>>> print(open('run.txt').read())   # compact mmCIF, C-alpha atoms
# COMPACT_ATOMS: atom_id res chain seq x y z
CA MET A 1 12.00 82.03 -90.41
CA LEU A 2 13.06 79.96 -93.43
CA VAL A 3 13.85 77.00 -91.19
CA ILE A 4 10.46 77.38 -89.51
CA PHE A 5 8.61 77.44 -92.87
CA ILE A 6 10.54 74.42 -94.17
CA GLY A 7 9.78 72.54 -90.96
CA TYR A 8 6.12 73.52 -91.14
CA PHE A 9 5.59 72.35 -94.74
CA TYR A 10 7.58 69.15 -94.12
CA THR A 11 5.30 68.39 -91.19
CA GLN A 12 2.19 69.15 -93.25
CA ASN A 13 3.32 66.94 -96.14
CA LYS A 14 4.10 64.15 -93.70
CA GLN A 15 0.66 64.54 -92.15
CA GLU A 16 -0.98 64.49 -95.58
CA PHE A 17 0.75 61.21 -96.39
CA THR A 18 -0.31 59.73 -93.05
CA ASP A 19 -3.90 60.81 -93.76
CA ARG A 20 -3.76 59.04 -97.12
CA VAL A 21 -2.54 55.85 -95.45
CA HIS A 22 -5.34 56.24 -92.91
CA THR A 23 -7.99 56.51 -95.64
CA VAL A 24 -6.64 53.58 -97.64
CA LEU A 25 -6.39 51.26 -94.63
CA LEU A 26 -9.82 52.27 -93.38
CA ASN A 27 -11.28 51.46 -96.79
CA ILE A 28 -9.53 48.09 -96.84
CA LEU A 29 -10.87 47.31 -93.35
CA ASN A 30 -14.39 48.28 -94.46
CA LYS A 31 -14.12 46.05 -97.52
CA GLN A 32 -12.90 43.07 -95.51
CA ILE A 33 -15.74 43.51 -93.02
CA GLU A 34 -18.28 43.72 -95.85
CA ASN A 35 -16.85 40.54 -97.40
CA GLU A 36 -17.14 38.70 -94.10
CA LYS A 37 -20.69 39.95 -93.58
CA ALA A 38 -21.76 38.88 -97.07
CA ARG A 39 -20.24 35.43 -96.65
CA ALA A 40 -21.82 34.92 -93.22
CA PHE A 41 -25.24 36.07 -94.41
CA ASN A 42 -25.20 33.80 -97.46
CA PHE A 43 -24.27 30.79 -95.35
CA ALA A 44 -26.96 31.56 -92.76
CA PHE A 45 -29.66 32.13 -95.38
CA ALA A 46 -28.87 28.86 -97.16
CA LEU A 47 -29.17 26.94 -93.89
CA SER A 48 -32.42 28.66 -92.91
CA GLN A 49 -33.98 27.22 -96.09
CA ASN A 50 -32.83 23.67 -95.35
CA GLU A 51 -36.02 21.61 -94.96
CA THR A 52 -34.28 18.77 -93.11
CA LEU A 53 -33.00 21.23 -90.53
CA GLN A 54 -36.45 22.79 -90.19
CA ARG A 55 -37.94 19.34 -89.63
CA ALA A 56 -35.35 18.52 -86.96
CA LEU A 57 -36.20 21.75 -85.16
CA LYS A 58 -39.96 21.07 -85.25
CA ASN A 59 -39.40 17.48 -84.04
CA ASN A 60 -37.01 18.64 -81.29
CA ASP A 61 -34.35 16.36 -82.77
CA ALA A 62 -31.18 18.12 -81.61
CA LYS A 63 -28.99 15.16 -82.59
CA LYS A 64 -30.11 15.37 -86.20
CA ALA A 65 -29.59 19.15 -86.24
CA TYR A 66 -26.04 18.68 -84.93
CA GLU A 67 -25.27 16.15 -87.68
CA ILE A 68 -26.58 18.55 -90.34
CA LEU A 69 -24.44 21.40 -88.97
CA GLN A 70 -21.33 19.22 -88.89
CA THR A 71 -21.83 18.27 -92.53
CA HIS A 72 -22.44 21.83 -93.69
CA MET A 73 -19.65 23.30 -91.57
CA LYS A 74 -17.02 21.16 -93.30
CA ALA A 75 -18.28 22.20 -96.74
CA LEU A 76 -18.46 25.87 -95.79
CA GLU A 77 -14.95 25.90 -94.32
CA THR A 78 -13.58 24.27 -97.45
CA PHE A 79 -15.35 26.87 -99.59
CA SER A 80 -14.46 29.94 -97.49
CA GLY A 81 -11.01 28.95 -96.27
CA SER A 82 -11.80 30.17 -92.76
CA LYS A 83 -13.22 28.81 -89.52
CA ILE A 84 -17.01 28.99 -89.48
CA ARG A 85 -19.26 28.56 -86.45
CA ILE A 86 -22.94 27.77 -86.87
CA GLN A 87 -25.61 27.49 -84.21
CA ILE A 88 -29.32 26.85 -84.11
CA LEU A 89 -31.52 28.33 -81.41
CA SER A 90 -35.10 27.40 -80.61
CA LYS A 91 -37.88 29.99 -80.60
CA ASP A 92 -37.47 30.48 -76.83
CA ILE A 93 -33.80 31.40 -77.53
CA THR A 94 -32.31 28.20 -76.15
CA ILE A 95 -29.22 26.74 -77.83
CA PHE A 96 -30.51 23.81 -79.89
CA ALA A 97 -27.35 22.70 -81.68
CA ARG A 98 -23.86 23.99 -82.40
CA SER A 99 -21.38 22.99 -85.05
CA TRP A 100 -18.20 23.50 -83.02
CA ASP A 101 -19.14 22.31 -79.54
CA ASN A 102 -22.55 21.00 -78.60
CA SER A 103 -21.90 20.98 -74.86
CA ASP A 104 -24.02 24.14 -74.38
CA ALA A 105 -27.10 22.62 -76.04
CA GLY A 106 -30.12 23.32 -73.84
CA VAL A 107 -28.72 26.55 -72.36
CA ASN A 108 -31.14 29.47 -72.53
CA VAL A 109 -29.32 32.63 -73.69
CA LYS A 110 -32.28 35.00 -73.83
CA ALA A 111 -30.70 37.30 -71.24
CA TYR A 112 -27.66 37.80 -73.50
CA ARG A 113 -29.54 38.15 -76.79
CA PRO A 114 -32.01 41.05 -76.79
CA ASP A 115 -31.51 41.20 -80.56
CA LEU A 116 -33.15 37.79 -80.98
CA VAL A 117 -36.07 38.81 -78.79
CA GLU A 118 -36.69 41.64 -81.25
CA MET A 119 -36.13 39.41 -84.27
CA LYS A 120 -38.79 36.99 -83.06
CA LYS A 121 -41.30 39.85 -83.31
CA THR A 122 -40.18 41.35 -86.60
CA LEU A 123 -38.93 38.18 -88.37
CA SER A 124 -36.26 40.43 -89.92
CA PRO A 125 -32.70 39.06 -90.17
CA HIS A 126 -29.78 40.82 -88.49
CA LEU A 127 -26.26 41.10 -89.84
CA SER A 128 -23.96 43.00 -87.52
CA TYR A 129 -21.43 42.86 -84.74
CA GLU A 130 -23.16 42.16 -81.46
CA ALA A 131 -22.17 42.15 -77.81
CA ALA A 132 -23.45 38.67 -77.05
CA ARG A 133 -21.51 36.39 -74.69
CA ARG A 134 -18.51 37.82 -76.53
CA LEU A 135 -18.09 40.39 -79.29
CA VAL A 136 -18.71 38.63 -82.61
CA LEU A 137 -20.02 39.15 -86.11
CA ILE A 138 -23.39 37.40 -86.27
CA ALA A 139 -25.59 36.71 -89.26
CA SER A 140 -28.91 35.82 -87.60
CA ILE A 141 -31.85 34.64 -89.71
CA PRO A 142 -35.19 33.45 -88.34
CA ILE A 143 -36.42 30.04 -89.47
CA VAL A 144 -39.99 30.78 -90.47
CA GLU A 145 -42.94 28.58 -91.40
CA ASN A 146 -46.39 30.05 -92.10
CA LYS A 147 -45.21 33.40 -90.73
CA LYS A 148 -44.31 31.80 -87.39
CA CYS A 149 -40.80 31.67 -85.95
CA LEU A 150 -39.54 28.13 -85.40
CA GLY A 151 -36.11 29.24 -84.27
CA PHE A 152 -32.96 30.91 -85.52
CA VAL A 153 -29.91 29.96 -87.54
CA GLU A 154 -26.72 31.92 -86.93
CA VAL A 155 -23.33 32.03 -88.55
CA ILE A 156 -20.82 33.43 -86.09
CA GLN A 157 -17.38 34.80 -86.90
CA ARG A 158 -14.75 36.11 -84.54
CA PHE A 159 -11.68 38.03 -85.66
CA ALA A 160 -9.16 35.41 -86.76
CA SER A 161 -9.63 36.03 -90.50
CA LEU A 162 -9.30 39.82 -90.10
CA GLU A 163 -6.19 39.38 -87.96
CA LYS A 164 -4.71 37.01 -90.54
CA TYR A 165 -5.48 39.35 -93.43
CA PHE A 166 -3.78 42.40 -91.91
CA ALA A 167 -0.89 40.32 -90.54
CA GLN A 168 0.13 39.74 -94.18
CA TYR A 169 1.08 43.43 -94.26
CA ASP A 170 2.59 43.53 -90.76
CA ILE A 171 -0.44 45.42 -89.47
CA ASP A 172 -1.84 44.43 -86.10
CA MET A 173 -5.50 44.64 -85.15
CA ILE A 174 -7.28 44.95 -81.82
CA ALA A 175 -11.05 44.73 -81.34
CA LEU A 176 -12.41 46.50 -78.26
CA LEU A 177 -15.79 46.11 -76.58
CA ASP A 178 -17.26 48.81 -74.34
CA ASP A 179 -17.28 47.48 -70.78
CA LYS A 180 -20.90 48.53 -70.27
CA TYR A 181 -21.61 45.17 -71.93
CA GLN A 182 -19.45 43.25 -69.47
CA ASN A 183 -22.39 41.57 -67.72
CA GLN A 184 -23.58 39.89 -70.90
CA SER A 185 -20.14 39.26 -72.44
CA VAL A 186 -19.38 36.56 -69.89
CA LEU A 187 -16.87 34.78 -72.14
CA LEU A 188 -14.64 37.88 -72.10
CA LYS A 189 -14.56 38.34 -68.33
CA ASN A 190 -10.89 37.29 -68.09
CA ASN A 191 -9.72 39.28 -71.11
CA PRO A 192 -7.37 42.28 -70.73
CA ARG A 193 -8.84 45.77 -70.44
CA ILE A 194 -7.82 49.12 -71.83
CA LYS A 195 -9.45 51.73 -69.62
CA ASN A 196 -13.22 51.29 -70.10
CA MET A 197 -12.83 48.82 -72.99
CA ILE A 198 -12.45 45.03 -73.06
CA VAL A 199 -10.03 43.43 -75.55
CA ALA A 200 -12.28 41.12 -77.59
CA ASN A 201 -9.91 39.33 -79.99
CA ASN A 202 -7.65 36.51 -78.85
CA GLY A 203 -4.84 37.50 -81.22
CA ALA A 204 -4.27 40.94 -79.68
CA ASN A 205 -0.60 41.77 -79.07
CA ILE A 206 0.10 42.34 -75.35
CA ASN A 207 2.64 45.09 -76.14
CA HIS A 208 0.03 47.03 -78.12
CA ILE A 209 -2.44 46.61 -75.27
CA GLN A 210 0.06 48.18 -72.89
CA ASN A 211 0.78 51.03 -75.34
CA LEU A 212 -2.91 51.74 -75.84
CA ARG A 213 -3.39 52.05 -72.09
CA ARG A 214 -1.14 55.12 -72.26
CA LEU A 215 -3.03 56.70 -75.19
CA ASP A 216 -6.00 59.05 -75.05
CA LEU A 217 -8.70 56.78 -76.51
CA ASN A 218 -11.17 59.68 -76.74
CA LYS A 219 -8.74 61.53 -78.99
CA LEU A 220 -8.20 58.41 -81.09
CA GLU A 221 -11.97 58.06 -81.46
CA SER A 222 -12.61 61.70 -82.42
CA LEU A 223 -9.65 62.13 -84.78
CA GLY A 224 -9.65 58.62 -86.23
CA SER A 225 -5.87 58.27 -85.97
CA VAL A 226 -3.06 59.06 -83.55
CA GLN A 227 0.70 58.83 -84.07
CA THR A 228 3.42 58.14 -81.55
CA GLU A 229 7.16 57.82 -82.11
CA GLU A 230 6.72 54.10 -82.76
CA TYR A 231 3.25 53.54 -84.19
CA LEU A 232 0.30 54.88 -86.17
CA TYR A 233 -3.04 53.94 -84.61
CA ILE A 234 -6.22 54.00 -86.71
CA SER A 235 -9.68 53.48 -85.21
CA LYS A 236 -13.08 52.51 -86.61
CA VAL A 237 -16.30 52.42 -84.60
CA ILE A 238 -18.13 49.08 -84.26
CA LEU A 239 -21.92 49.44 -84.41
CA ASN A 240 -24.53 46.85 -83.55
CA SER A 241 -27.81 46.22 -85.37
CA LYS A 242 -29.38 49.23 -83.62
CA ALA A 243 -26.57 51.56 -84.75
CA GLU A 244 -25.29 51.75 -81.16
CA ARG A 245 -21.57 52.11 -80.62
CA ILE A 246 -20.38 48.97 -78.89
CA GLY A 247 -16.64 49.14 -79.49
CA TYR A 248 -13.77 49.86 -81.88
CA PHE A 249 -11.43 48.26 -84.33
CA ILE A 250 -7.89 49.58 -83.97
CA LEU A 251 -5.27 49.02 -86.67
CA ILE A 252 -1.65 49.44 -85.59
CA LEU A 253 1.07 50.22 -88.09
CA SER A 254 4.72 50.68 -87.13
CA GLN A 255 6.61 53.80 -88.18
CA GLU A 256 9.05 51.52 -90.03
CA LYS A 257 6.18 50.10 -92.07
CA LEU A 258 4.86 53.61 -92.66
CA LYS A 259 8.25 54.61 -94.11
CA LEU A 260 8.11 51.57 -96.39
CA PHE A 261 4.69 52.70 -97.63
CA SER A 262 6.20 56.10 -98.44
CA SER A 263 8.41 54.39 -101.04
CA PHE A 264 5.22 53.70 -102.98
CA GLU A 265 3.67 57.12 -102.44
CA ASN A 266 2.75 57.62 -106.10
CA GLU A 267 0.90 54.30 -106.18
CA LEU A 268 -0.72 55.14 -102.87
CA GLU A 269 -1.82 58.54 -104.20
CA SER A 270 -3.62 57.00 -107.18
CA PHE A 271 -5.21 54.38 -104.95
CA PHE A 272 -6.15 57.09 -102.46
CA SER A 273 -8.26 58.91 -105.07
CA TYR A 274 -10.04 55.68 -105.91
CA SER A 275 -10.29 54.67 -102.26
CA ARG A 276 -12.06 57.82 -101.13
CA LYS A 277 -14.70 57.53 -103.88
CA ASP A 278 -15.01 53.79 -103.30
CA LEU A 279 -15.46 54.34 -99.58
CA TYR A 280 -18.22 56.84 -100.29
CA SER A 281 -19.89 54.46 -102.74
CA THR A 282 -19.72 51.62 -100.22
CA ILE A 283 -21.35 53.76 -97.55
CA VAL A 284 -24.25 55.22 -99.53
CA ASN A 285 -25.17 51.95 -101.24
CA LYS A 286 -25.63 50.00 -98.03
CA ASP A 287 -29.16 48.96 -97.18
CA LYS A 288 -29.21 50.35 -93.64
CA ALA A 289 -32.04 51.44 -91.41
CA PHE A 290 -29.80 54.04 -89.85
CA ASP A 291 -27.63 56.97 -90.89
CA PRO A 292 -24.70 55.62 -92.98
CA TYR A 293 -22.33 58.37 -91.79
CA THR A 294 -22.68 57.66 -88.06
CA ASP A 295 -19.49 55.64 -87.63
CA LEU A 296 -17.17 57.98 -89.54
CA THR A 297 -14.84 60.49 -87.90
CA ALA A 298 -14.90 64.20 -88.66
CA LYS A 299 -11.69 63.87 -90.68
CA GLU A 300 -13.23 61.14 -92.84
CA LEU A 301 -16.40 63.18 -93.35
CA VAL A 302 -14.34 66.19 -94.46
CA SER A 303 -12.60 63.94 -96.96
CA LEU A 304 -15.87 62.51 -98.28
CA LYS A 305 -17.31 66.00 -98.85
CA LYS A 306 -15.10 66.21 -101.93
CA CYS A 307 -16.90 63.36 -103.69
CA THR A 308 -20.40 63.31 -102.18
CA THR A 309 -23.44 63.99 -104.33
CA GLN A 310 -25.69 66.99 -103.70
CA LYS A 311 -28.55 64.87 -102.32
CA ASP A 312 -26.27 63.32 -99.67
CA ARG A 313 -24.43 66.50 -98.72
CA ALA A 314 -27.01 67.67 -96.15
CA CYS A 315 -26.90 64.36 -94.28
CA LEU A 316 -23.10 64.30 -94.33
CA GLU A 317 -22.80 67.91 -93.17
CA LYS A 318 -25.31 67.32 -90.35
CA ASN A 319 -23.14 64.51 -88.99
CA LEU A 320 -20.01 66.58 -89.47
CA ARG A 321 -21.52 69.52 -87.58
CA ASN A 322 -22.55 67.28 -84.68
CA LYS A 323 -19.05 65.82 -84.41
CA LEU A 324 -17.31 69.21 -84.66
CA ASN A 325 -19.48 70.59 -81.85
CA ARG A 326 -17.71 68.17 -79.52
CA TYR A 327 -14.21 69.25 -80.59
CA THR A 328 -11.99 71.47 -78.50
CA LYS A 329 -10.50 74.61 -80.02
CA GLU A 330 -7.12 72.89 -80.42
CA GLU A 331 -8.68 69.88 -82.15
CA LEU A 332 -10.58 72.14 -84.56
CA ILE A 333 -7.39 74.01 -85.46
CA SER A 334 -5.58 70.71 -86.00
CA LEU A 335 -8.37 69.38 -88.22
CA LEU A 336 -8.51 72.63 -90.20
CA LEU A 337 -4.78 72.60 -90.89
CA ASP A 338 -4.77 68.91 -91.83
CA ALA A 339 -7.71 69.32 -94.20
CA ASN A 340 -6.31 72.47 -95.83
CA SER A 341 -2.58 71.92 -95.55
CA GLN A 342 -1.90 73.66 -98.86
CA LYS A 343 -3.73 76.79 -97.70
CA ILE A 344 -2.80 79.41 -95.12
CA SER A 345 -5.49 79.45 -92.44
CA ARG A 346 -6.04 82.58 -90.38
CA GLY A 347 -8.67 83.85 -88.01
CA LYS A 348 -10.19 82.96 -84.69
CA ILE A 349 -12.41 80.12 -83.67
CA LYS A 350 -15.06 81.54 -81.41
>>> encode(input="run.txt", output="structure tokens")
Amino acid sequence: MLVIFIGYFYTQNKQEFTDRVHTVLLNILNKQIENEKARAFNFAFALSQNETLQRALKNNDAKKAYEILQTHMKALETFSGSKIRIQILSKDITIFARSWDNSDAGVNVKAYRPDLVEMKKTLSPHLSYEAARRLVLIASIPIVENKKCLGFVEVIQRFASLEKYFAQYDIDMIALLDDKYQNQSVLLKNNPRIKNMIVANNGANINHIQNLRRLDLNKLESLGSVQTEEYLYISKVILNSKAERIGYFILILSQEKLKLFSSFENELESFFSYSRKDLYSTIVNKDKAFDPYTDLTAKELVSLKKCTTQKDRACLEKNLRNKLNRYTKEELISLLLDANSQKISRGKIK
């Protein structure tokens, strides 16, 4: 019995540490995404106010627009330190000019961009990941004159900067797109697949792709993290501008790296306390038209309950209840034990 109890508490402590790593890395991922979104939006907004660019669009001078984008792209890349793609689309959602390759100028992409069709009506900018001809982060801002849409300016970012950031810490990243968007994501048609998901980032490790094909992706989605003998996998839902789930980010951390993190457990513990509150603050202060808790797992919602304010508790608990209703009995028991590992849990789940 003593051996069993020692084994049980060792396992629980190990799980607690893994959960802390999960929370910290998720918060870091959220922060990096928010930084990229802010940078993309600022660039797009500045260009949308450029009078010379507006004039080129009204005069149908695609050559001039291309020259303007080339000039601004070089300045923006110097400022941001990362590859920036900028494109201008006309009001009928035809590619007018592109900074990186103007060979597609004149191609109508209306069929792939329902978000721009909506934007033309509302004149409201979008800043989100979208399943366009590939999965990308797009800051889309309408170019407006006298309340009429002249066209659109977009700053487009793929995943190279996120891959580079996490690679510094020997953490791999894979971005997945739901294959129900395969007809519009024509530039991903030759990319590898993991069950019903399309690998969307070019830097994805082929060995991780093969490993993920053997995992239960539904379990990874519902629990937020899954461990194997070799790796810790952490998932985050990707939502589009309509708050629809279009894919996932997956961070992959080796067990060797996880052991290295354990050497700094005290530092991680102090950062964990800050991270959980900071994650909550980041969520509730976003200007979103949809529920800010939608893309969090049940485990993350349980963690945030400890620092949420009273006015937000009802919204958080509603999301948590909806997610728990989809759990199996075994998953509920596992979540209960992980969330209350210092307590003895008894009773039946009916």
>>> closest_residue(input="run.txt", among="A:Lys31, A:Arg214, A:His126, A:Arg134", to="A:Val155", atoms="all atoms listed in the file")
A:His126
>>> closest_atom_pairs(input="run.txt", of="stretch 33-85 of chain A", to="stretch 89-93 of chain A", cutoff="12 Å", atoms="only C-alpha atoms", output="tab-separated table")
residue	atom	partner	partner_atom	distance
A:Ser48	CA	A:Leu89	CA	11.5
A:Leu53	CA	A:Leu89	CA	11.7
A:Gln54	CA	A:Ser90	CA	10.7
A:Ala56	CA	A:Ser90	CA	10.9
A:Leu57	CA	A:Ser90	CA	7.3
A:Lys58	CA	A:Ser90	CA	9.2
A:Asn59	CA	A:Ser90	CA	11.3
A:Asn60	CA	A:Ser90	CA	9.0
A:Asp61	CA	A:Ser90	CA	11.3
A:Ala62	CA	A:Ser90	CA	10.1
A:Ala65	CA	A:Leu89	CA	10.6
A:Tyr66	CA	A:Leu89	CA	11.6
>>> write_last_selection(input="run.txt", atoms="C-alpha atoms", output="short mmCIF file (atom, residue, chain, number, x, y, z; two decimals), in the frame of the given file")
data_model
loop_
_atom_site.label_atom_id
_atom_site.label_comp_id
_atom_site.auth_asym_id
_atom_site.auth_seq_id
_atom_site.Cartn_x
_atom_site.Cartn_y
_atom_site.Cartn_z
CA SER A 48 -32.42 28.66 -92.91
CA LEU A 53 -33.00 21.23 -90.53
CA GLN A 54 -36.45 22.79 -90.19
CA ALA A 56 -35.35 18.52 -86.96
CA LEU A 57 -36.20 21.75 -85.16
CA LYS A 58 -39.96 21.07 -85.25
CA ASN A 59 -39.40 17.48 -84.04
CA ASN A 60 -37.01 18.64 -81.29
CA ASP A 61 -34.35 16.36 -82.77
CA ALA A 62 -31.18 18.12 -81.61
CA ALA A 65 -29.59 19.15 -86.24
CA TYR A 66 -26.04 18.68 -84.93
#
>>> closest_residue(input="run.txt", among="A:Leu253, A:Lys329, A:Asn42, A:Ala204", to="A:Val226", atoms="only C-alpha atoms")
A:Leu253
>>> residues_near_point(input="run.txt", point="(-13.8, 61.5, -77.8)", cutoff="12 Å", atoms="all atoms listed in the file", output="ChimeraX atom specification")
/A:216-225,235,237,297-298,323-328,331
>>> residues_near_point(input="run.txt", point="(-21.7, 22.1, -79.0)", cutoff="12 Å", atoms="all atoms listed in the file", output="ChimeraX atom specification")
/A:62-63,65-67,69-70,85-89,95-107
>>> atom_distance(input="run.txt", atom1="atom CA of A:Ser161", atom2="atom CA of A:Asn30")
13.7 Å
>>> closest_residue(input="run.txt", among="A:Ile143, A:Ala200, A:Ala132, A:Ala75", to="A:Asp115", atoms="all atoms listed in the file")
A:Ala132
>>> residues_around(input="run.txt", residues="stretch 184-189 of chain A", least_positions_apart="5", cutoff="9 Å", atoms="all atoms listed in the file", output="number ranges by chain")
A: 111-113, 131-135, 179, 198-200
>>> atom_distance(input="run.txt", atom1="atom CA of A:Ile333", atom2="atom CA of A:Val302")
13.8 Å
>>> residues_around(input="run.txt", residues="stretch 34-37 of chain A", least_positions_apart="4", cutoff="9 Å", atoms="only C-alpha atoms", output="PyMOL selection string")
chain A and resi 29-30+41-42+127-128+137-139+157+161-162
>>> atom_distance(input="run.txt", atom1="atom CA of A:Ser140", atom2="atom CA of A:Lys74")
19.7 Å
>>> closest_residue(input="run.txt", among="A:Asn205, A:Asn146, A:Gln255, A:Asn191", to="A:Ala167", atoms="only C-alpha atoms")
A:Asn205
>>> residues_around(input="run.txt", residues="A:Asp178", least_positions_apart="2", cutoff="6 Å", atoms="all atoms listed in the file", output="PyMOL selection string")
chain A and resi 180+197+246-247
